>>> print(open('protein.pdb').read())   # PDB, C-alpha atoms and all ligand atoms
ATOM      1  CA  MET Y   1      27.093  80.385 430.266
ATOM      2  CA  LYS Y   2      27.631  84.128 430.734
ATOM      3  CA  GLU Y   3      29.618  85.839 427.978
ATOM      4  CA  PRO Y   4      33.027  87.068 429.134
ATOM      5  CA  ASP Y   5      33.252  90.806 429.754
ATOM      6  CA  ALA Y   6      34.224  92.477 426.469
ATOM      7  CA  GLY Y   7      36.471  95.031 428.158
ATOM      8  CA  ALA Y   8      36.410  98.614 429.323
ATOM      9  CA  ASN Y   9      33.454  99.816 427.242
ATOM     10  CA  PRO Y  10      30.186  99.766 429.162
ATOM     11  CA  PRO Y  11      27.573  97.470 427.626
ATOM     12  CA  VAL Y  12      25.257  99.459 425.370
ATOM     13  CA  ASP Y  13      21.585  98.655 425.789
ATOM     14  CA  GLY Y  14      20.222  97.830 422.330
ATOM     15  CA  SER Y  15      17.281 100.171 422.835
ATOM     16  CA  GLU Y  16      19.270 103.228 423.866
ATOM     17  CA  LEU Y  17      18.690 106.050 421.378
ATOM     18  CA  ILE Y  18      20.272 109.142 422.943
ATOM     19  CA  ARG Y  19      23.227 109.440 425.257
ATOM     20  CA  PHE Y  20      24.944 112.499 426.772
ATOM     21  CA  GLU Y  21      28.233 111.639 428.436
ATOM     22  CA  ASN Y  22      30.104 114.208 430.517
ATOM     23  CA  VAL Y  23      28.827 116.998 428.276
ATOM     24  CA  THR Y  24      30.003 120.496 429.117
ATOM     25  CA  LYS Y  25      29.048 123.646 427.228
ATOM     26  CA  ARG Y  26      30.238 127.152 427.969
ATOM     27  CA  PHE Y  27      29.309 130.483 426.482
ATOM     28  CA  GLY Y  28      32.206 132.694 427.579
ATOM     29  CA  SER Y  29      32.445 132.344 431.335
ATOM     30  CA  ASN Y  30      28.890 130.981 431.561
ATOM     31  CA  THR Y  31      28.896 127.178 432.038
ATOM     32  CA  VAL Y  32      25.545 126.247 430.544
ATOM     33  CA  LEU Y  33      25.900 122.453 430.739
ATOM     34  CA  ASP Y  34      28.148 121.072 433.409
ATOM     35  CA  GLN Y  35      29.435 117.485 433.006
ATOM     36  CA  LEU Y  36      25.990 116.297 432.029
ATOM     37  CA  ASN Y  37      25.118 112.584 431.833
ATOM     38  CA  PHE Y  38      21.828 111.050 430.803
ATOM     39  CA  SER Y  39      20.385 108.646 428.272
ATOM     40  CA  VAL Y  40      17.005 108.060 426.669
ATOM     41  CA  ASP Y  41      15.759 104.691 425.463
ATOM     42  CA  SER Y  42      13.850 104.296 422.250
ATOM     43  CA  GLY Y  43      10.134 104.994 422.574
ATOM     44  CA  LYS Y  44      10.400 106.791 425.906
ATOM     45  CA  HIS Y  45       8.988 110.212 426.689
ATOM     46  CA  VAL Y  46      11.328 112.350 428.708
ATOM     47  CA  THR Y  47      10.495 115.827 429.983
ATOM     48  CA  LEU Y  48      13.106 118.417 430.884
ATOM     49  CA  ILE Y  49      11.999 120.860 433.558
ATOM     50  CA  GLY Y  50      13.799 123.565 435.482
ATOM     51  CA  PRO Y  51      14.218 127.321 435.678
ATOM     52  CA  SER Y  52      14.837 129.462 432.642
ATOM     53  CA  GLY Y  53      18.513 129.473 431.672
ATOM     54  CA  SER Y  54      19.260 126.049 433.184
ATOM     55  CA  GLY Y  55      20.398 124.573 429.832
ATOM     56  CA  LYS Y  56      17.327 122.691 428.564
ATOM     57  CA  THR Y  57      17.123 124.278 425.119
ATOM     58  CA  THR Y  58      20.875 123.896 424.661
ATOM     59  CA  ILE Y  59      20.402 120.125 424.953
ATOM     60  CA  LEU Y  60      17.754 120.094 422.226
ATOM     61  CA  ARG Y  61      19.941 122.304 420.040
ATOM     62  CA  MET Y  62      22.851 119.872 420.452
ATOM     63  CA  LEU Y  63      20.652 117.019 419.304
ATOM     64  CA  MET Y  64      19.743 119.108 416.248
ATOM     65  CA  THR Y  65      23.515 119.603 415.739
ATOM     66  CA  LEU Y  66      23.042 123.384 416.024
ATOM     67  CA  THR Y  67      25.350 123.688 419.043
ATOM     68  CA  LYS Y  68      28.508 121.731 419.830
ATOM     69  CA  PRO Y  69      29.654 120.678 423.270
ATOM     70  CA  ASP Y  70      33.039 121.897 424.536
ATOM     71  CA  GLU Y  71      33.641 118.552 426.226
ATOM     72  CA  GLY Y  72      31.983 115.176 426.305
ATOM     73  CA  THR Y  73      30.073 113.021 423.856
ATOM     74  CA  VAL Y  74      26.577 113.143 422.387
ATOM     75  CA  THR Y  75      25.397 109.949 420.707
ATOM     76  CA  VAL Y  76      22.205 109.409 418.690
ATOM     77  CA  ASP Y  77      21.301 105.904 417.596
ATOM     78  CA  GLY Y  78      24.870 104.717 418.097
ATOM     79  CA  GLN Y  79      26.433 107.602 416.131
ATOM     80  CA  THR Y  80      28.653 110.110 417.855
ATOM     81  CA  LEU Y  81      27.734 113.635 416.716
ATOM     82  CA  PHE Y  82      30.794 115.734 417.461
ATOM     83  CA  PRO Y  83      33.006 115.392 415.616
ATOM     84  CA  ALA Y  84      31.279 113.710 412.701
ATOM     85  CA  PRO Y  85      31.439 114.197 408.936
ATOM     86  CA  GLU Y  86      28.697 116.436 407.523
ATOM     87  CA  LYS Y  87      27.149 113.452 405.709
ATOM     88  CA  GLN Y  88      26.723 111.610 408.998
ATOM     89  CA  LEU Y  89      25.238 114.696 410.665
ATOM     90  CA  ARG Y  90      22.697 114.942 407.843
ATOM     91  CA  GLU Y  91      21.681 111.324 408.470
ATOM     92  CA  VAL Y  92      21.293 112.013 412.183
ATOM     93  CA  ARG Y  93      19.233 115.166 411.532
ATOM     94  CA  LYS Y  94      16.797 113.075 409.485
ATOM     95  CA  LYS Y  95      16.088 111.013 412.584
ATOM     96  CA  ILE Y  96      15.148 114.064 414.613
ATOM     97  CA  GLY Y  97      12.096 116.266 414.292
ATOM     98  CA  MET Y  98      11.802 119.502 416.198
ATOM     99  CA  VAL Y  99       8.900 121.774 417.033
ATOM    100  CA  PHE Y 100       9.715 125.229 418.348
ATOM    101  CA  GLN Y 101       7.909 127.871 420.336
ATOM    102  CA  GLN Y 102       7.420 129.853 417.133
ATOM    103  CA  PHE Y 103       5.846 127.663 414.483
ATOM    104  CA  ASN Y 104       8.115 128.761 411.613
ATOM    105  CA  LEU Y 105       5.774 127.600 408.864
ATOM    106  CA  PHE Y 106       6.497 128.691 405.295
ATOM    107  CA  PRO Y 107       3.980 131.552 404.885
ATOM    108  CA  ASN Y 108       3.803 131.387 401.097
ATOM    109  CA  MET Y 109       2.891 127.685 400.967
ATOM    110  CA  THR Y 110      -0.353 125.900 401.701
ATOM    111  CA  VAL Y 111      -0.620 123.757 404.810
ATOM    112  CA  LEU Y 112      -0.320 120.621 402.672
ATOM    113  CA  ARG Y 113       2.809 121.879 400.918
ATOM    114  CA  ASN Y 114       4.362 122.890 404.256
ATOM    115  CA  ILE Y 115       4.110 119.233 405.255
ATOM    116  CA  THR Y 116       5.128 117.602 401.955
ATOM    117  CA  GLU Y 117       8.066 119.886 401.102
ATOM    118  CA  ALA Y 118      10.800 118.185 403.165
ATOM    119  CA  PRO Y 119       9.726 114.572 402.557
ATOM    120  CA  VAL Y 120       9.840 115.258 398.804
ATOM    121  CA  THR Y 121      13.045 117.314 398.676
ATOM    122  CA  VAL Y 122      15.047 115.700 401.496
ATOM    123  CA  LEU Y 123      13.778 112.111 401.586
ATOM    124  CA  GLY Y 124      12.987 111.873 397.870
ATOM    125  CA  MET Y 125       9.439 110.699 398.561
ATOM    126  CA  SER Y 126       7.050 110.864 395.588
ATOM    127  CA  LYS Y 127       4.600 113.763 395.645
ATOM    128  CA  ASP Y 128       1.622 111.397 395.810
ATOM    129  CA  GLU Y 129       3.016 109.430 398.719
ATOM    130  CA  ALA Y 130       3.996 112.612 400.574
ATOM    131  CA  GLU Y 131       0.505 114.052 400.096
ATOM    132  CA  ALA Y 132      -1.198 110.874 401.274
ATOM    133  CA  ARG Y 133       0.981 110.848 404.377
ATOM    134  CA  ALA Y 134       0.391 114.595 404.943
ATOM    135  CA  ARG Y 135      -3.370 114.067 404.855
ATOM    136  CA  GLU Y 136      -3.101 111.253 407.407
ATOM    137  CA  LEU Y 137      -1.078 113.546 409.643
ATOM    138  CA  LEU Y 138      -3.504 116.432 409.218
ATOM    139  CA  ASP Y 139      -6.207 114.042 410.327
ATOM    140  CA  LEU Y 140      -4.108 113.070 413.345
ATOM    141  CA  VAL Y 141      -3.719 116.716 414.393
ATOM    142  CA  GLY Y 142      -7.402 117.489 413.733
ATOM    143  CA  LEU Y 143      -6.907 119.692 410.664
ATOM    144  CA  ALA Y 144      -8.036 117.475 407.804
ATOM    145  CA  ASP Y 145     -10.096 120.343 406.382
ATOM    146  CA  LYS Y 146      -7.208 122.842 406.324
ATOM    147  CA  ALA Y 147      -4.948 121.244 403.694
ATOM    148  CA  GLY Y 148      -5.463 124.100 401.236
ATOM    149  CA  ALA Y 149      -5.288 126.945 403.743
ATOM    150  CA  ARG Y 150      -2.346 129.299 404.163
ATOM    151  CA  PRO Y 151      -0.706 129.557 407.588
ATOM    152  CA  THR Y 152      -1.944 133.145 408.042
ATOM    153  CA  GLN Y 153      -5.533 131.891 407.814
ATOM    154  CA  LEU Y 154      -5.014 129.658 410.855
ATOM    155  CA  SER Y 155      -4.980 130.360 414.584
ATOM    156  CA  GLY Y 156      -1.690 129.988 416.465
ATOM    157  CA  GLY Y 157      -2.838 126.655 417.877
ATOM    158  CA  GLN Y 158      -3.712 125.378 414.412
ATOM    159  CA  GLN Y 159      -0.357 126.566 413.053
ATOM    160  CA  GLN Y 160       1.425 124.743 415.819
ATOM    161  CA  ARG Y 161      -0.501 121.571 415.030
ATOM    162  CA  VAL Y 162       0.616 121.910 411.390
ATOM    163  CA  ALA Y 163       4.197 122.303 412.641
ATOM    164  CA  ILE Y 164       3.802 119.052 414.589
ATOM    165  CA  ALA Y 165       2.457 117.286 411.488
ATOM    166  CA  ARG Y 166       5.349 118.712 409.461
ATOM    167  CA  ALA Y 167       7.893 117.330 411.935
ATOM    168  CA  LEU Y 168       6.228 113.897 411.929
ATOM    169  CA  ALA Y 169       6.115 113.799 408.125
ATOM    170  CA  MET Y 170       9.855 113.089 408.101
ATOM    171  CA  ARG Y 171       9.186 109.935 410.139
ATOM    172  CA  PRO Y 172      11.733 110.908 412.787
ATOM    173  CA  ARG Y 173      12.794 108.531 415.541
ATOM    174  CA  VAL Y 174      12.813 111.410 418.012
ATOM    175  CA  LEU Y 175      10.502 114.381 418.417
ATOM    176  CA  LEU Y 176      11.989 117.371 420.240
ATOM    177  CA  LEU Y 177       9.462 119.811 421.644
ATOM    178  CA  ASP Y 178      10.716 123.143 422.939
ATOM    179  CA  GLU Y 179       8.028 124.981 424.899
ATOM    180  CA  VAL Y 180       5.638 124.498 422.019
ATOM    181  CA  THR Y 181       2.702 126.147 423.761
ATOM    182  CA  SER Y 182       4.521 129.149 425.248
ATOM    183  CA  ALA Y 183       3.652 131.522 422.409
ATOM    184  CA  LEU Y 184      -0.025 130.551 422.263
ATOM    185  CA  ASP Y 185      -3.039 132.345 423.642
ATOM    186  CA  PRO Y 186      -4.182 130.420 426.728
ATOM    187  CA  GLU Y 187      -7.368 129.109 425.128
ATOM    188  CA  LEU Y 188      -5.369 127.442 422.336
ATOM    189  CA  VAL Y 189      -2.945 125.544 424.561
ATOM    190  CA  ALA Y 190      -5.187 122.582 425.408
ATOM    191  CA  GLY Y 191      -5.819 121.639 421.764
ATOM    192  CA  VAL Y 192      -2.095 121.404 421.036
ATOM    193  CA  LEU Y 193      -1.362 119.440 424.202
ATOM    194  CA  ASP Y 194      -4.207 117.016 423.419
ATOM    195  CA  VAL Y 195      -2.654 116.320 420.018
ATOM    196  CA  LEU Y 196       0.704 115.644 421.657
ATOM    197  CA  ARG Y 197      -0.913 113.374 424.245
ATOM    198  CA  ASP Y 198      -2.450 111.392 421.372
ATOM    199  CA  ILE Y 199       0.897 111.128 419.606
ATOM    200  CA  ALA Y 200       2.589 109.992 422.814
ATOM    201  CA  ARG Y 201      -0.105 107.384 423.359
ATOM    202  CA  THR Y 202      -0.523 106.046 419.835
ATOM    203  CA  THR Y 203       2.956 106.135 418.255
ATOM    204  CA  ASP Y 204       6.312 104.623 419.234
ATOM    205  CA  ILE Y 205       8.177 107.895 418.735
ATOM    206  CA  THR Y 206      10.729 108.935 421.334
ATOM    207  CA  MET Y 207       9.935 112.363 422.795
ATOM    208  CA  LEU Y 208      12.141 114.911 424.519
ATOM    209  CA  CYS Y 209      10.074 117.746 425.756
ATOM    210  CA  VAL Y 210      10.883 121.065 427.408
ATOM    211  CA  THR Y 211       7.716 122.439 428.950
ATOM    212  CA  HIS Y 212       6.247 124.463 431.772
ATOM    213  CA  GLU Y 213       2.945 122.588 431.411
ATOM    214  CA  MET Y 214       3.330 120.334 434.414
ATOM    215  CA  ASN Y 215       0.023 118.484 434.073
ATOM    216  CA  PHE Y 216       0.946 117.587 430.525
ATOM    217  CA  ALA Y 217       4.417 116.500 431.664
ATOM    218  CA  ARG Y 218       2.855 114.326 434.332
ATOM    219  CA  ASP Y 219       0.534 112.711 431.758
ATOM    220  CA  ILE Y 220       3.008 111.858 429.024
ATOM    221  CA  SER Y 221       6.389 111.376 430.701
ATOM    222  CA  ASP Y 222       8.121 108.140 431.509
ATOM    223  CA  GLN Y 223      10.850 110.165 433.114
ATOM    224  CA  VAL Y 224      11.293 113.761 434.269
ATOM    225  CA  LEU Y 225      14.721 115.426 434.471
ATOM    226  CA  MET Y 226      14.968 118.439 436.755
ATOM    227  CA  PHE Y 227      17.681 120.891 435.675
ATOM    228  CA  ASP Y 228      19.392 123.599 437.621
ATOM    229  CA  SER Y 229      22.466 125.529 436.458
ATOM    230  CA  GLY Y 230      23.347 123.040 433.721
ATOM    231  CA  ARG Y 231      23.054 119.932 435.881
ATOM    232  CA  ILE Y 232      20.366 117.353 436.425
ATOM    233  CA  ILE Y 233      19.711 117.702 440.116
ATOM    234  CA  GLU Y 234      16.949 115.104 440.262
ATOM    235  CA  SER Y 235      15.308 112.616 437.905
ATOM    236  CA  GLY Y 236      12.595 110.025 438.134
ATOM    237  CA  ALA Y 237       9.057 109.015 437.333
ATOM    238  CA  PRO Y 238       6.609 111.931 437.157
ATOM    239  CA  GLU Y 239       4.573 110.601 440.103
ATOM    240  CA  LYS Y 240       7.682 110.823 442.268
ATOM    241  CA  ILE Y 241       9.073 114.156 441.019
ATOM    242  CA  PHE Y 242       5.766 116.003 441.098
ATOM    243  CA  SER Y 243       4.413 114.536 444.336
ATOM    244  CA  ASP Y 244       7.435 113.826 446.463
ATOM    245  CA  PRO Y 245      10.620 115.458 445.142
ATOM    246  CA  GLU Y 246      13.848 114.830 447.009
ATOM    247  CA  GLN Y 247      15.469 118.208 446.420
ATOM    248  CA  ASP Y 248      14.350 121.488 447.984
ATOM    249  CA  ARG Y 249      15.261 123.213 444.710
ATOM    250  CA  THR Y 250      12.790 120.992 442.813
ATOM    251  CA  ARG Y 251      10.114 121.673 445.396
ATOM    252  CA  GLU Y 252      10.670 125.435 445.122
ATOM    253  CA  PHE Y 253      10.587 125.318 441.333
ATOM    254  CA  LEU Y 254       7.389 123.278 441.243
ATOM    255  CA  SER Y 255       5.621 125.479 443.743
ATOM    256  CA  ALA Y 256       6.448 128.475 441.558
ATOM    257  CA  VAL Y 257       5.124 126.954 438.326
ATOM    258  CA  LEU Y 258       2.245 124.729 439.491
TER     259      LEU Y 258
HETATM  260  P1  LIG X   1      16.710 127.017 429.161
HETATM  261  O1  LIG X   1      16.208 126.327 427.931
HETATM  262  O2  LIG X   1      16.788 126.102 430.363
HETATM  263  O3  LIG X   1      15.969 128.284 429.458
HETATM  264  P2  LIG X   1      19.046 127.628 427.583
HETATM  265  O4  LIG X   1      19.638 126.334 427.209
HETATM  266  O5  LIG X   1      18.212 128.352 426.567
HETATM  267  O6  LIG X   1      18.215 127.429 428.931
HETATM  268  O7  LIG X   1      20.176 128.642 428.023
HETATM  269  C1  LIG X   1      21.130 128.349 429.006
HETATM  270  C2  LIG X   1      22.089 129.511 429.143
HETATM  271  O8  LIG X   1      22.864 129.610 427.957
HETATM  272  C3  LIG X   1      21.421 130.852 429.329
HETATM  273  O9  LIG X   1      22.165 131.555 430.299
HETATM  274  C4  LIG X   1      21.559 131.510 427.973
HETATM  275  O10 LIG X   1      21.627 132.899 428.084
HETATM  276  C5  LIG X   1      22.866 130.939 427.479
HETATM  277  N1  LIG X   1      22.952 130.855 426.013
HETATM  278  C6  LIG X   1      22.217 130.063 425.200
HETATM  279  N2  LIG X   1      22.577 130.227 423.914
HETATM  280  C7  LIG X   1      23.565 131.148 423.896
HETATM  281  C8  LIG X   1      24.369 131.750 422.868
HETATM  282  N3  LIG X   1      24.219 131.394 421.576
HETATM  283  N4  LIG X   1      25.296 132.647 423.240
HETATM  284  C9  LIG X   1      25.478 132.985 424.538
HETATM  285  N5  LIG X   1      24.766 132.472 425.557
HETATM  286  C10 LIG X   1      23.812 131.555 425.244
END
>>> encode(input="protein.pdb", output="structure tokens")
Amino acid sequence: MKEPDAGANPPVDGSELIRFENVTKRFGSNTVLDQLNFSVDSGKHVTLIGPSGSGKTTILRMLMTLTKPDEGTVTVDGQTLFPAPEKQLREVRKKIGMVFQQFNLFPNMTVLRNITEAPVTVLGMSKDEAEARARELLDLVGLADKAGARPTQLSGGQQQRVAIARALAMRPRVLLLDEVTSALDPELVAGVLDVLRDIARTTDITMLCVTHEMNFARDISDQVLMFDSGRIIESGAPEKIFSDPEQDRTREFLSAVL
């Protein structure tokens, strides 16, 4: 027999990891996110596309708890972020790894130490375990021979691959990627995207990705969200969005970037 309806709360899908509900963010008179609603299930790869200034980075920053919404609710793994006690925010941050446009590696540490530092100091992992894991990750990103190098001895693409390994070392549930190839010389982009394709294919990590690399987005995404002026104007499977978008605005945007 069907269970009776529990009441006004909508049923929460057990696999839902991220939810934005009626989220609005303003900077002065600039409404950057406008009553935004979307959710991401565990293990899915979601790409955020849209013109510059449409609010994509603000979403990633909210998930990192770096920016608060003015209205609405952001939930990660069943925990509401704002307001939440600092202890709870720290727990949520541990579930989220972020890779930025600029790699932000610690210049005075070796590659290996860049990767082991947070697992040892934040997660309390033993040095041996953290190093073993770091070497596995360096292998995954194709840099097994660079463990002892300093960041300045690496190309931008190699540094970004270290940054990806560093994010994964914390065993996050979610990987946030914010235009991670935008600062790279063109010939280094493919190597980084190949690593991310591998990660998308071989791990169960949830990915939220802001990118202008549309072929990459088409390859890895389960869902694409098209943003304009702080709203999602269209969403769907990549085959649909990239080949047969419903909105003229999406079509215009894609013809400008493809
Ligand atoms: P996108 O990632 O789509 O390019 P962003 O989320 O970075 O868009 O920015 C959306 C809008 O918010 C832009 O108009 C930007 O100038 C503004 N914005 C972002 N952060 C701040 C801030 N700290 N103070 C004022 N305005 C901001």
>>> resolve_selection(input="protein.pdb", expression="the PyMOL selection byres (((not hetatm)) within 9 of (chain X and resi 1))", output="VMD selection string")
chain Y and resid 25 to 28 30 to 33 48 to 61 67 178 to 179 210 227 to 230
>>> resolve_selection(input="protein.pdb", expression="the PyMOL selection byres (((chain Y and resi 186-193) around 12) and not hetatm)", output="count of residues only")
43
>>> closest_residue(input="protein.pdb", among="Y:Leu112, Y:Leu105, Y:Ala256, Y:Leu176", to="Lys127 in chain Y", atoms="only C-alpha atoms")
Y:Leu112
>>> closest_residue(input="protein.pdb", among="Y:Pro245, Y:Pro69, Y:Gly78, Y:Pro83", to="Ile18 in chain Y", atoms="all atoms listed in the file")
Y:Gly78
>>> atom_distance(input="protein.pdb", atom1="CA of Met207 in chain Y", atom2="CA of Glu252 in chain Y")
25.9 Å
>>> closest_residue(input="protein.pdb", among="Y:Glu91, Y:Asp34, Y:Glu239, Y:Glu86", to="Glu71 in chain Y", atoms="all atoms listed in the file")
Y:Asp34
>>> atom_distance(input="protein.pdb", atom1="CA of Phe103 in chain Y", atom2="CA of Arg231 in chain Y")
28.5 Å
>>> closest_residue(input="protein.pdb", among="Y:Lys87, Y:Arg166, Y:Arg19, Y:Arg249", to="Phe100 in chain Y", atoms="all atoms listed in the file")
Y:Arg166
>>> resolve_selection(input="protein.pdb", expression="the PyMOL selection byres (((chain Y and resi 21) around 6) and not hetatm)", output="JSON, numbers by chain")
{"Y": [20, 22, 23, 37, 72, 73]}
